[in-house]
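Asker: This is the structure I want to talk about, given as structure tokens.
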Amino acid sequence: MWTFISGATGGIGKAFCHALAKKGKNLYITGRSEQKLLALKEQLNSKYGVEVCHFACDLTSKEEREKMLADMSNNSIVFERIVNVAGVDIQKAFTDYTPEKVLFQLRVNCEATVTLTHALLKMRAPKTEIITISSMSGASPMPYFALYSASKAMLTNFFTSLHYELKKSGVKVTTVMPGGVYTREDIKEDIKNQGLWGKLSAKSPEFVAEKSLKAVSKNKITYIPGGFNKFLNFIMKLVPKRIVLNFIAKRWKKQTKDAF
Ligand SMILES: NC(=O)c1ccc[n+]([C@@H]2O[C@H](COP(=O)([O-])OP(=O)(O)OC[C@H]3O[C@@H](n4cnc5c(N)ncnc54)[C@H](OP(=O)(O)O)[C@@H]3O)[C@@H](O)[C@H]2O)c1
């Protein structure tokens, strides 16, 4: 039995790899960089003695996704867990996007996550867990982070529906909505610049991975890591939408970020 992890070479993905390998789980990991995957595979092999398959795959490419699925099929891989982590976070006014970047973000965050889940469900064990890393950014529209937050809202809505569709078939489906997570240097800097708010909201990738695994074992529909973030999510629903959107627009207009 295997666990699939997309975005395994990133901050949250790596934390899932370690949390699961520590429990003796065999992993099928993917990311774009063969070099990063090989280094991670060696580390997991030597530290935990688990089996690790890796496949370098640009998730924006249908052909590459199909090659990865063929590799799984040729190796008769059966999945007991699917962990959808890969995602890109472009932050800028929508009119400043190139057409290529619009598609890039939608393909990684939405198309790849949904089509791979669809394909992997055909290779699943009778009892399977699905974790998808969405974001708290998907809980409200976010001017100047519009496409990212909409892509995460799509994932949250989609996997929430899937939770109900698969409820009686042995598949547990949990969508995780983190606030800030200390992963890349630019994200750590953003969290620092948010001051007390950032400090209260942000969590380590290890915290997110461990707690998400607990949440899916309990078959939670959605899981928000951290008490402050749960509180924030609750409050946001009570405050009039116009006030929330004005606050977000002011706050997010200040900085831009690209992804490659
Ligand atoms: N960090 C946060 O504050 C935070 C908060 C809420 C939600 N999230 C979500 O959590 C997830 C992981 O975030 P992170 O902070 O760990 O990000 P990260 O360190 O940048 O990792 C992103 C992962 O996605 C992979 N990826 C990106 N584009 C890809 C593509 N075209 N094809 C295949 N793989 C691709 C990357 O692979 P490469 O190694 O090939 O680049 C990497 O493994 C994302 O979905 C993000 O939206 C993060």
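Each chain of the structure tokens is named A, B, ... in the order shown, its residues numbered from 1; ligands are numbered from 1 in display order.
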Which residues are close to range 218-225 of chain A, i.e. within 6 Å by only C-alpha atoms, leaving aside same-chain residues fewer than 5 positions away? Reply as a PyMOL selection string.

Answerer: chain A and resi 172+174-178+230

Asker: Write out as an MDAnalysis selection string each polymer residue (protein, DNA or RNA) that has an atom no more than 8 Å from ligand 1, with only C-alpha atoms and all ligand atoms counted.

Answerer: chainID A and resid 6:14 30:33 36 56:61 84:89 104 107:109 133:137 148 152 177:184 187:188 202 205 260

Asker: Just the number, please: distance in Å from CA of Lys47 in chain A to CA of Glu80 in chain A, one decimal.

Answerer: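 Taking CA of Lys47 in chain A as the start and CA of Glu80 in chain A as the end point, the length is 22.1 Å.
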
Asker: Using only C-alpha atoms, which residues sit within 12 Å of Lys168 in chain A once same-chain residues fewer than 5 positions away are excluded, as a list in words?

Answerer: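 So, after excluding close chain neighbours, the residues are Pro126, Lys127, Thr128, Leu162, His163, Val173 and Asn219 of chain A.
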
Asker: When you draw a straight line from CA of Met123 in chain A to CA of Phe79 in chain A, how long is it in Å?

Answerer: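 CA of Met123 in chain A sits 6.1 Å away from CA of Phe79 in chain A.
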
Asker: Fewer than 5 positions away in the same chain doesn't count, so skip those; otherwise give me all residues within 9 Å of Lys257 in chain A, counting only C-alpha atoms, as a list in words.

Answerer: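 Selected residues are Asp89, Ile90, Gln91 and Lys92 of chain A.
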
Asker: Please identify the strand (DSSP E) residues within range 19-183 of chain A (assignment by DSSP from backbone atoms) and present them as an MDAnalysis selection string.

Answerer: chainID A and resid 26:31 52:56 79:84 124:133 171:176

Asker: Any chance you could export the current selection's N, CA and C atoms as a compact mmCIF listing (two decimals), in the first residue's frame?

Answerer:
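After the write, again35.txt holds the following:
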```
# COMPACT_ATOMS: atom_id res chain seq x y z
N ASN A 26 4.86 3.57 3.00
CA ASN A 26 5.58 3.69 1.72
C ASN A 26 5.02 4.86 0.93
N LEU A 27 5.92 5.58 0.27
CA LEU A 27 5.50 6.84 -0.36
C LEU A 27 5.76 6.86 -1.87
N TYR A 28 4.81 7.44 -2.59
CA TYR A 28 5.00 7.75 -4.01
C TYR A 28 5.00 9.27 -4.10
N ILE A 29 6.20 9.84 -4.33
CA ILE A 29 6.32 11.29 -4.24
C ILE A 29 6.55 11.94 -5.61
N THR A 30 6.02 13.16 -5.74
CA THR A 30 6.24 13.89 -6.99
C THR A 30 6.46 15.38 -6.76
N GLY A 31 7.16 15.96 -7.71
CA GLY A 31 7.50 17.39 -7.75
C GLY A 31 8.15 17.56 -9.12
N VAL A 52 10.27 4.21 -1.17
CA VAL A 52 9.84 5.49 -1.78
C VAL A 52 9.99 5.39 -3.29
N CYS A 53 8.89 5.62 -4.00
CA CYS A 53 8.94 5.75 -5.47
C CYS A 53 8.88 7.24 -5.77
N HIS A 54 9.61 7.68 -6.78
CA HIS A 54 9.49 9.09 -7.15
C HIS A 54 9.27 9.22 -8.64
N PHE A 55 8.58 10.31 -9.02
CA PHE A 55 8.36 10.56 -10.44
C PHE A 55 8.36 12.08 -10.63
N ALA A 56 9.35 12.59 -11.37
CA ALA A 56 9.39 14.04 -11.64
C ALA A 56 8.33 14.36 -12.68
N PHE A 79 -3.13 2.72 -3.76
CA PHE A 79 -3.02 3.84 -2.81
C PHE A 79 -4.01 3.70 -1.65
N GLU A 80 -3.48 3.88 -0.43
CA GLU A 80 -4.35 3.93 0.75
C GLU A 80 -4.50 5.39 1.21
N ARG A 81 -3.73 6.27 0.57
CA ARG A 81 -3.79 7.68 0.97
C ARG A 81 -3.34 8.56 -0.21
N ILE A 82 -4.06 9.66 -0.42
CA ILE A 82 -3.70 10.64 -1.46
C ILE A 82 -3.53 11.98 -0.75
N VAL A 83 -2.37 12.57 -0.87
CA VAL A 83 -2.14 13.87 -0.21
C VAL A 83 -1.82 14.91 -1.29
N ASN A 84 -2.79 15.74 -1.58
CA ASN A 84 -2.65 16.77 -2.62
C ASN A 84 -2.10 18.04 -2.00
N ARG A 124 -7.20 2.76 -5.87
CA ARG A 124 -7.24 2.89 -4.42
C ARG A 124 -7.53 1.57 -3.72
N ALA A 125 -7.12 1.54 -2.46
CA ALA A 125 -7.42 0.41 -1.58
C ALA A 125 -8.87 0.57 -1.10
N PRO A 126 -9.47 -0.51 -0.56
CA PRO A 126 -10.86 -0.37 -0.09
C PRO A 126 -11.02 0.75 0.93
N LYS A 127 -10.04 0.93 1.82
CA LYS A 127 -10.10 2.06 2.76
C LYS A 127 -9.01 3.07 2.38
N THR A 128 -9.45 4.27 2.06
CA THR A 128 -8.50 5.27 1.56
C THR A 128 -8.75 6.62 2.24
N GLU A 129 -7.66 7.37 2.41
CA GLU A 129 -7.79 8.74 2.95
C GLU A 129 -7.33 9.73 1.87
N ILE A 130 -8.07 10.82 1.75
CA ILE A 130 -7.64 11.90 0.83
C ILE A 130 -7.52 13.19 1.64
N ILE A 131 -6.32 13.77 1.58
CA ILE A 131 -6.09 15.09 2.21
C ILE A 131 -5.76 16.06 1.08
N THR A 132 -6.42 17.21 1.07
CA THR A 132 -6.07 18.23 0.09
C THR A 132 -5.73 19.53 0.81
N ILE A 133 -4.57 20.09 0.49
CA ILE A 133 -4.18 21.35 1.10
C ILE A 133 -4.78 22.49 0.28
N VAL A 171 -13.96 5.82 1.81
CA VAL A 171 -12.97 6.87 1.52
C VAL A 171 -13.23 8.09 2.42
N LYS A 172 -12.20 8.47 3.19
CA LYS A 172 -12.31 9.65 4.05
C LYS A 172 -11.68 10.83 3.30
N VAL A 173 -12.40 11.94 3.25
CA VAL A 173 -11.91 13.10 2.47
C VAL A 173 -11.88 14.34 3.37
N THR A 174 -10.70 14.89 3.57
CA THR A 174 -10.56 16.09 4.41
C THR A 174 -9.84 17.20 3.65
N THR A 175 -10.42 18.39 3.69
CA THR A 175 -9.77 19.56 3.08
C THR A 175 -9.14 20.38 4.20
N VAL A 176 -7.87 20.69 4.02
CA VAL A 176 -7.14 21.45 5.05
C VAL A 176 -7.02 22.90 4.59
```

Asker: Just how far from CA of Leu116 in chain A is CA of Ala146 in chain A, in Å to one decimal?

Answerer: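 Between CA of Ala146 in chain A and CA of Leu116 in chain A the gap works out to 24.1 Å.
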
Asker: DSSP on the backbone, then: every residue of range 24-235 of chain A marked alpha helix (DSSP H), written as a ChimeraX atom specification.

Answerer: /A:34-48,62-74,99-106,113-120,146-165,185-193,196-201,205-217,227-235
